[in-house]
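Notes to accompany the following structure.
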Amino acid sequence: MSNVITLAALRISEANPNHHLWNNNGTWFLHYTVYPTPFTKERIRRSLGTKCLTTARERRDQFFNHLAKQSTAPALAGQVAVA
């Protein structure tokens with residue numbers, strides 16, 4: 001088992017306050033890509049469980065803050081980068 005340090009990397013457009021948000025029939029989703037290996041990627045869409053854009057932005061920010069805290073913790077095998 002290897003100890004690889006993988007940090008979350010976010011690409012955020014300052015001009016777009018709805019980055020990583022996707023509206024599907026009125027419900028807001030968090031949309032991001034993970035890179036489990038250097039050769040693969042996976043697009044993830046998670047429901048934020050709200051129709052309110054303000055609440056969706058808050059939940060998105062909480063999710064990315066949680067990732068940022070995890071990336072400063074000691075690394076475990078199987079962590080992934082997020083973009």
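Every chain in the structure tokens has a letter given in the order shown (A, B, ...), and although residue numbers restart at 1 in each chain, ligands are simply numbered from 1 in the order shown.
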**Request:** Just the residues within 12 Å of Arg60 (chain A), please, counting only C-alpha atoms, with nothing from its chain fewer than 6 positions along; format it as a count of residues only.
**Result:** 21
**Message:** Between CA of Ala56 (chain A) and CA of Lys69 (chain A), what distance in Å does the model show, to one decimal?
**Reply:**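 Atom-to-atom, CA of Ala56 (chain A) and CA of Lys69 (chain A) are spaced 20.1 Å apart.
Minimum atom-to-atom distances from A:Glu42, A:Lys51, A:Phe63, A:Arg57 to Asn16 (chain A) were compared using only C-alpha atoms, and the lowest value belongs to A:Arg57.
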**Asked** Running DSSP on the backbone, which parts of region 26-60 of chain A land in helix (DSSP H, G or I), as a list of chain:residue names?
**Response**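 Residues of region 26-60 of chain A classed as helix (DSSP H, G or I): A:Leu53, A:Thr54, A:Thr55, A:Ala56, A:Arg57, A:Glu58, A:Arg59, A:Arg60.
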Please produce a file of those selected residues containing N, CA and C atoms, as a CSV table (one decimal), in the first residue's frame.
chain,number,residue,atom,x,y,z
A,53,LEU,N,-31.3,28.6,-5.3
A,53,LEU,CA,-29.9,28.9,-5.8
A,53,LEU,C,-29.0,29.3,-4.6
A,54,THR,N,-29.5,30.1,-3.7
A,54,THR,CA,-28.7,30.6,-2.6
A,54,THR,C,-28.3,29.4,-1.7
A,55,THR,N,-29.3,28.5,-1.4
A,55,THR,CA,-29.0,27.3,-0.6
A,55,THR,C,-28.0,26.4,-1.3
A,56,ALA,N,-28.2,26.3,-2.6
A,56,ALA,CA,-27.3,25.4,-3.4
A,56,ALA,C,-25.9,25.9,-3.4
A,57,ARG,N,-25.7,27.3,-3.5
A,57,ARG,CA,-24.3,27.8,-3.4
A,57,ARG,C,-23.7,27.6,-2.0
A,58,GLU,N,-24.5,27.7,-0.9
A,58,GLU,CA,-24.0,27.4,0.4
A,58,GLU,C,-23.6,26.0,0.6
A,59,ARG,N,-24.4,25.1,0.1
A,59,ARG,CA,-24.1,23.6,0.2
A,59,ARG,C,-22.9,23.3,-0.6
A,60,ARG,N,-22.7,23.9,-1.8
A,60,ARG,CA,-21.5,23.7,-2.6
A,60,ARG,C,-20.3,24.1,-1.9
**Message:** One decimal, in Å: what's the spacing between CA of Tyr35 (chain A) and CA of Ala15 (chain A)?
**Reply:** 25.0 Å
